[in-house]
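A.B. asks: The file below is work_39.pdb, PDB, C-alpha atoms and all ligand atoms:
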```pdb
ATOM      1  CA  MET J  17     -17.135  -5.400  10.531  1.00  0.00           C
ATOM      2  CA  LYS J  18     -19.532  -4.910   7.677  1.00  0.00           C
ATOM      3  CA  ARG J  19     -18.714  -6.203   4.247  1.00  0.00           C
ATOM      4  CA  ILE J  20     -20.413  -4.219   1.507  1.00  0.00           C
ATOM      5  CA  GLU J  21     -20.510  -5.589  -2.009  1.00  0.00           C
ATOM      6  CA  VAL J  22     -19.647  -2.908  -4.548  1.00  0.00           C
ATOM      7  CA  GLY J  23     -19.880  -4.986  -7.711  1.00  0.00           C
ATOM      8  CA  THR J  24     -17.712  -3.610 -10.480  1.00  0.00           C
ATOM      9  CA  LEU J  25     -17.644  -0.120  -9.015  1.00  0.00           C
ATOM     10  CA  VAL J  26     -14.082   1.171  -8.762  1.00  0.00           C
ATOM     11  CA  ILE J  27     -13.377   4.093  -6.462  1.00  0.00           C
ATOM     12  CA  CYS J  28      -9.998   5.610  -5.744  1.00  0.00           C
ATOM     13  CA  ASP J  29      -9.067   4.979  -2.114  1.00  0.00           C
ATOM     14  CA  PHE J  30      -7.267   8.314  -1.923  1.00  0.00           C
ATOM     15  CA  CYS J  31      -9.721  10.806  -3.427  1.00  0.00           C
ATOM     16  CA  GLY J  32     -12.892   8.700  -3.223  1.00  0.00           C
ATOM     17  CA  GLN J  33     -13.732   9.440  -6.855  1.00  0.00           C
ATOM     18  CA  GLU J  34     -14.835   7.191  -9.636  1.00  0.00           C
ATOM     19  CA  ASN J  35     -13.150   8.592 -12.734  1.00  0.00           C
ATOM     20  CA  ASP J  36     -11.777   7.819 -16.194  1.00  0.00           C
ATOM     21  CA  SER J  37      -8.131   8.357 -15.346  1.00  0.00           C
ATOM     22  CA  MET J  38      -5.467   6.094 -16.803  1.00  0.00           C
ATOM     23  CA  GLY J  39      -3.031   3.836 -14.995  1.00  0.00           C
ATOM     24  CA  GLY J  40      -3.082   4.109 -11.226  1.00  0.00           C
ATOM     25  CA  VAL J  41      -1.084   2.282  -8.580  1.00  0.00           C
ATOM     26  CA  LEU J  42      -1.686  -0.094  -5.724  1.00  0.00           C
ATOM     27  CA  ILE J  43      -0.355   0.865  -2.307  1.00  0.00           C
ATOM     28  CA  GLY J  44      -1.039  -1.941   0.141  1.00  0.00           C
ATOM     29  CA  SER J  45      -4.750  -2.617  -0.280  1.00  0.00           C
ATOM     30  CA  ASN J  46      -5.416   0.905  -1.561  1.00  0.00           C
ATOM     31  CA  ALA J  47      -6.159   1.397  -5.238  1.00  0.00           C
ATOM     32  CA  VAL J  48      -5.050   4.885  -6.267  1.00  0.00           C
ATOM     33  CA  CYS J  49      -6.377   6.541  -9.429  1.00  0.00           C
ATOM     34  CA  GLY J  50      -4.319   8.147 -12.176  1.00  0.00           C
ATOM     35  CA  VAL J  51      -5.197  11.666 -11.028  1.00  0.00           C
ATOM     36  CA  CYS J  52      -3.791  11.059  -7.541  1.00  0.00           C
ATOM     37  CA  VAL J  53      -0.778   9.258  -9.011  1.00  0.00           C
ATOM     38  CA  ASP J  54       0.043  12.220 -11.248  1.00  0.00           C
ATOM     39  CA  LYS J  55      -0.210  14.693  -8.359  1.00  0.00           C
ATOM     40  CA  ASP J  56       3.138  13.659  -6.948  1.00  0.00           C
ATOM     41  CA  GLY J  57       4.389  11.053  -9.392  1.00  0.00           C
ATOM     42  CA  LYS J  58       3.585   7.935  -7.386  1.00  0.00           C
ATOM     43  CA  ASP J  59       4.502   5.779 -10.381  1.00  0.00           C
ATOM     44  CA  LYS J  60       7.987   7.255 -10.705  1.00  0.00           C
ATOM     45  CA  PRO J  61      11.085   5.551  -9.329  1.00  0.00           C
ATOM     46  CA  ASP J  62      12.030   8.697  -7.393  1.00  0.00           C
ATOM     47  CA  TYR J  63       8.674   8.970  -5.591  1.00  0.00           C
ATOM     48  CA  ILE J  64       9.555   9.392  -1.930  1.00  0.00           C
ATOM     49  CA  TYR J  65       7.416   6.430  -0.881  1.00  0.00           C
ATOM     50  CA  ALA J  66       8.264   4.332  -3.950  1.00  0.00           C
ATOM     51  CA  ASP J  67       9.008   1.325  -1.748  1.00  0.00           C
ATOM     52  CA  GLU J  68       5.400   1.359  -0.525  1.00  0.00           C
ATOM     53  CA  VAL J  69       3.961   1.120  -4.018  1.00  0.00           C
ATOM     54  CA  ASP J  70       3.093  -2.528  -4.612  1.00  0.00           C
ATOM     55  CA  LYS J  71       1.975  -2.337  -8.195  1.00  0.00           C
ATOM     56  CA  ILE J  72       2.047   0.200 -10.987  1.00  0.00           C
ATOM     57  CA  PHE J  73      -0.836  -0.310 -13.376  1.00  0.00           C
ATOM     58  CA  ASP J  74      -0.624  -0.146 -17.142  1.00  0.00           C
ATOM     59  CA  LYS J  75      -0.977   3.487 -18.233  1.00  0.00           C
ATOM     60  CA  LYS J  76      -2.501   2.420 -21.547  1.00  0.00           C
ATOM     61  CA  LYS J  77      -5.548   1.133 -19.689  1.00  0.00           C
ATOM     62  CA  THR J  78      -8.006   2.980 -17.493  1.00  0.00           C
ATOM     63  CA  PHE J  79      -7.687   2.869 -13.723  1.00  0.00           C
ATOM     64  CA  LYS J  80     -11.039   1.085 -13.613  1.00  0.00           C
ATOM     65  CA  ASP J  81     -10.019  -1.640 -16.092  1.00  0.00           C
ATOM     66  CA  ASN J  82      -6.753  -2.143 -14.241  1.00  0.00           C
ATOM     67  CA  VAL J  83      -8.446  -2.545 -10.871  1.00  0.00           C
ATOM     68  CA  LEU J  84     -11.077  -4.905 -12.260  1.00  0.00           C
ATOM     69  CA  ALA J  85      -8.378  -7.042 -13.891  1.00  0.00           C
ATOM     70  CA  TYR J  86      -6.410  -7.043 -10.663  1.00  0.00           C
ATOM     71  CA  ARG J  87      -9.459  -8.082  -8.625  1.00  0.00           C
ATOM     72  CA  LYS J  88     -10.092 -10.898 -11.054  1.00  0.00           C
ATOM     73  CA  GLU J  89      -6.481 -12.025 -10.817  1.00  0.00           C
ATOM     74  CA  MET J  90      -6.591 -11.987  -7.005  1.00  0.00           C
ATOM     75  CA  SER J  91     -10.075 -13.301  -6.255  1.00  0.00           C
ATOM     76  CA  GLY J  92     -11.366 -14.811  -9.486  1.00  0.00           C
ATOM     77  CA  THR J  93     -14.065 -12.186  -9.848  1.00  0.00           C
ATOM     78  CA  GLU J  94     -14.310  -8.546 -10.888  1.00  0.00           C
ATOM     79  CA  ARG J  95     -16.833  -7.950  -8.151  1.00  0.00           C
ATOM     80  CA  GLY J  96     -15.315  -6.219  -5.180  1.00  0.00           C
ATOM     81  CA  TRP J  97     -16.276  -5.237  -1.681  1.00  0.00           C
ATOM     82  CA  ILE J  98     -15.332  -2.735   0.929  1.00  0.00           C
ATOM     83  CA  GLU J  99     -15.009  -3.467   4.621  1.00  0.00           C
ATOM     84  CA  ILE J 100     -16.324  -1.008   7.148  1.00  0.00           C
ATOM     85  CA  TRP J 101     -15.419  -1.145  10.794  1.00  0.00           C
ATOM     86  CA  GLY J 102     -18.179  -0.308  13.220  1.00  0.00           C
ATOM     87  CA  GLU J 103     -17.636   1.993  16.182  1.00  0.00           C
ATOM     88  CA  GLU J 104     -18.119  -0.844  18.637  1.00  0.00           C
ATOM     89  CA  GLU J 105     -15.126  -2.622  17.125  1.00  0.00           C
ATOM     90  CA  LEU J 106     -12.867   0.424  17.268  1.00  0.00           C
ATOM     91  CA  ASN J 107     -13.402   0.927  20.994  1.00  0.00           C
TER      92      ASN J 107
HETATM   93 ZN    ZN J 201      -7.718   9.466  -6.773  1.00  0.00          ZN
END
```
What's the structure tokens form of this structure?

C.D. replies:
Amino acid sequence: MKRIEVGTLVICDFCGQENDSMGGVLIGSNAVCGVCVDKDGKDKPDYIYADEVDKIFDKKKTFKDNVLAYRKEMSGTERGWIEIWGEEELN
């Protein structure tokens, strides 16, 4: 497994975009941007997978600020990383 430092870059794990959307949610270890959240109302209590949503971020703050604050809360730093599995490990 490769661990790639991404610094303070915040990318939505659903659409792969870095954007200025507001809010966002956390589903497991996936950070989901405000655009994807609004598509099917992932932050609403009647969302069909509402029980899989671990955290609903503050809609008054940007997705990026929310994720950075969350990273800092969890790991003590705003700098994040992504983990990539190599083919040899998947076989
Ligand atoms: Zn997205």

A.B. asks: Expand the PyMOL selection byres (((chain J and resi 86-93) around 10) and not hetatm) into the individual residues it matches in the shown file, reporting them as a ChimeraX atom specification.

C.D. replies: /J:23-24,42,71,73,80-85,94-96

A.B. asks: How far is it from atom CA of Lys18 of chain J to atom CA of Glu68 of chain J, in Å with one decimal?

C.D. replies: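 Taking atom CA of Lys18 of chain J and atom CA of Glu68 of chain J, their separation equals 27.0 Å.
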
A.B. asks: Specify as a ChimeraX atom specification each residue included when the PyMOL selection byres (((chain J and resi 50-54) around 8) and not hetatm) is applied to this file.

C.D. replies: /J:30-31,37-41,48-49,55-59,79

A.B. asks: Can you work out the spacing between atom CA of Cys28 of chain J and atom CA of Ile43 of chain J in Å, to one decimal?

C.D. replies: 11.3 Å

A.B. asks: Select, from J:Ile100, J:Met17, J:Leu25, J:Ile72, the residue with the minimum atom-to-atom distance to Lys60 of chain J, counting only C-alpha atoms.

C.D. replies: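 Ranking J:Ile100, J:Met17, J:Leu25, J:Ile72 by distance to Lys60 of chain J, first place goes to J:Ile72.
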
A.B. asks: Quick one: segment 32-58 of chain J with N, CA and C atoms, as a PDB file, in the coordinates of the input?

C.D. replies:
```
ATOM      1  N   GLY J  32     -11.504   9.123  -3.332  1.00  0.00           N
ATOM      2  CA  GLY J  32     -12.892   8.700  -3.223  1.00  0.00           C
ATOM      3  C   GLY J  32     -13.710   8.909  -4.483  1.00  0.00           C
ATOM      4  N   GLN J  33     -13.030   9.166  -5.609  1.00  0.00           N
ATOM      5  CA  GLN J  33     -13.732   9.440  -6.855  1.00  0.00           C
ATOM      6  C   GLN J  33     -13.722   8.220  -7.777  1.00  0.00           C
ATOM      7  N   GLU J  34     -14.797   8.147  -8.546  1.00  0.00           N
ATOM      8  CA  GLU J  34     -14.835   7.191  -9.636  1.00  0.00           C
ATOM      9  C   GLU J  34     -14.530   8.031 -10.869  1.00  0.00           C
ATOM     10  N   ASN J  35     -13.484   7.733 -11.593  1.00  0.00           N
ATOM     11  CA  ASN J  35     -13.150   8.592 -12.734  1.00  0.00           C
ATOM     12  C   ASN J  35     -12.551   7.792 -13.889  1.00  0.00           C
ATOM     13  N   ASP J  36     -12.270   8.483 -14.982  1.00  0.00           N
ATOM     14  CA  ASP J  36     -11.777   7.819 -16.194  1.00  0.00           C
ATOM     15  C   ASP J  36     -10.274   7.974 -16.354  1.00  0.00           C
ATOM     16  N   SER J  37      -9.578   8.164 -15.251  1.00  0.00           N
ATOM     17  CA  SER J  37      -8.131   8.357 -15.346  1.00  0.00           C
ATOM     18  C   SER J  37      -7.454   7.080 -15.821  1.00  0.00           C
ATOM     19  N   MET J  38      -6.230   7.232 -16.295  1.00  0.00           N
ATOM     20  CA  MET J  38      -5.467   6.094 -16.803  1.00  0.00           C
ATOM     21  C   MET J  38      -4.465   5.632 -15.743  1.00  0.00           C
ATOM     22  N   GLY J  39      -4.099   4.361 -15.848  1.00  0.00           N
ATOM     23  CA  GLY J  39      -3.031   3.836 -14.995  1.00  0.00           C
ATOM     24  C   GLY J  39      -3.475   3.619 -13.566  1.00  0.00           C
ATOM     25  N   GLY J  40      -2.822   4.305 -12.643  1.00  0.00           N
ATOM     26  CA  GLY J  40      -3.082   4.109 -11.226  1.00  0.00           C
ATOM     27  C   GLY J  40      -2.021   3.209 -10.603  1.00  0.00           C
ATOM     28  N   VAL J  41      -2.014   3.167  -9.293  1.00  0.00           N
ATOM     29  CA  VAL J  41      -1.084   2.282  -8.580  1.00  0.00           C
ATOM     30  C   VAL J  41      -1.823   1.605  -7.430  1.00  0.00           C
ATOM     31  N   LEU J  42      -1.164   0.603  -6.883  1.00  0.00           N
ATOM     32  CA  LEU J  42      -1.686  -0.094  -5.724  1.00  0.00           C
ATOM     33  C   LEU J  42      -0.699   0.120  -4.586  1.00  0.00           C
ATOM     34  N   ILE J  43      -1.198   0.669  -3.484  1.00  0.00           N
ATOM     35  CA  ILE J  43      -0.355   0.865  -2.307  1.00  0.00           C
ATOM     36  C   ILE J  43      -1.000   0.078  -1.178  1.00  0.00           C
ATOM     37  N   GLY J  44      -0.401  -1.043  -0.811  1.00  0.00           N
ATOM     38  CA  GLY J  44      -1.039  -1.941   0.141  1.00  0.00           C
ATOM     39  C   GLY J  44      -2.348  -2.414  -0.453  1.00  0.00           C
ATOM     40  N   SER J  45      -3.457  -2.218   0.264  1.00  0.00           N
ATOM     41  CA  SER J  45      -4.750  -2.617  -0.280  1.00  0.00           C
ATOM     42  C   SER J  45      -5.480  -1.424  -0.884  1.00  0.00           C
ATOM     43  N   ASN J  46      -4.787  -0.285  -1.010  1.00  0.00           N
ATOM     44  CA  ASN J  46      -5.416   0.905  -1.561  1.00  0.00           C
ATOM     45  C   ASN J  46      -5.164   1.030  -3.058  1.00  0.00           C
ATOM     46  N   ALA J  47      -6.262   1.142  -3.814  1.00  0.00           N
ATOM     47  CA  ALA J  47      -6.159   1.397  -5.238  1.00  0.00           C
ATOM     48  C   ALA J  47      -6.196   2.912  -5.428  1.00  0.00           C
ATOM     49  N   VAL J  48      -5.194   3.437  -6.120  1.00  0.00           N
ATOM     50  CA  VAL J  48      -5.050   4.885  -6.267  1.00  0.00           C
ATOM     51  C   VAL J  48      -5.189   5.258  -7.744  1.00  0.00           C
ATOM     52  N   CYS J  49      -6.078   6.199  -8.036  1.00  0.00           N
ATOM     53  CA  CYS J  49      -6.377   6.541  -9.429  1.00  0.00           C
ATOM     54  C   CYS J  49      -5.256   7.342 -10.095  1.00  0.00           C
ATOM     55  N   GLY J  50      -5.337   7.455 -11.403  1.00  0.00           N
ATOM     56  CA  GLY J  50      -4.319   8.147 -12.176  1.00  0.00           C
ATOM     57  C   GLY J  50      -4.160   9.615 -11.811  1.00  0.00           C
ATOM     58  N   VAL J  51      -5.263  10.251 -11.409  1.00  0.00           N
ATOM     59  CA  VAL J  51      -5.197  11.666 -11.028  1.00  0.00           C
ATOM     60  C   VAL J  51      -4.328  11.828  -9.780  1.00  0.00           C
ATOM     61  N   CYS J  52      -4.572  10.986  -8.785  1.00  0.00           N
ATOM     62  CA  CYS J  52      -3.791  11.059  -7.541  1.00  0.00           C
ATOM     63  C   CYS J  52      -2.338  10.653  -7.793  1.00  0.00           C
ATOM     64  N   VAL J  53      -2.137   9.698  -8.678  1.00  0.00           N
ATOM     65  CA  VAL J  53      -0.778   9.258  -9.011  1.00  0.00           C
ATOM     66  C   VAL J  53       0.008  10.412  -9.622  1.00  0.00           C
ATOM     67  N   ASP J  54      -0.648  11.140 -10.546  1.00  0.00           N
ATOM     68  CA  ASP J  54       0.043  12.220 -11.248  1.00  0.00           C
ATOM     69  C   ASP J  54       0.333  13.421 -10.353  1.00  0.00           C
ATOM     70  N   LYS J  55      -0.421  13.564  -9.262  1.00  0.00           N
ATOM     71  CA  LYS J  55      -0.210  14.693  -8.359  1.00  0.00           C
ATOM     72  C   LYS J  55       1.224  14.776  -7.863  1.00  0.00           C
ATOM     73  N   ASP J  56       1.751  13.634  -7.429  1.00  0.00           N
ATOM     74  CA  ASP J  56       3.138  13.659  -6.948  1.00  0.00           C
ATOM     75  C   ASP J  56       3.985  12.531  -7.528  1.00  0.00           C
ATOM     76  N   GLY J  57       3.564  12.031  -8.686  1.00  0.00           N
ATOM     77  CA  GLY J  57       4.389  11.053  -9.392  1.00  0.00           C
ATOM     78  C   GLY J  57       4.601   9.748  -8.649  1.00  0.00           C
ATOM     79  N   LYS J  58       3.481   9.185  -8.148  1.00  0.00           N
ATOM     80  CA  LYS J  58       3.585   7.935  -7.386  1.00  0.00           C
ATOM     81  C   LYS J  58       4.091   6.757  -8.223  1.00  0.00           C
TER      82      LYS J  58
END
```
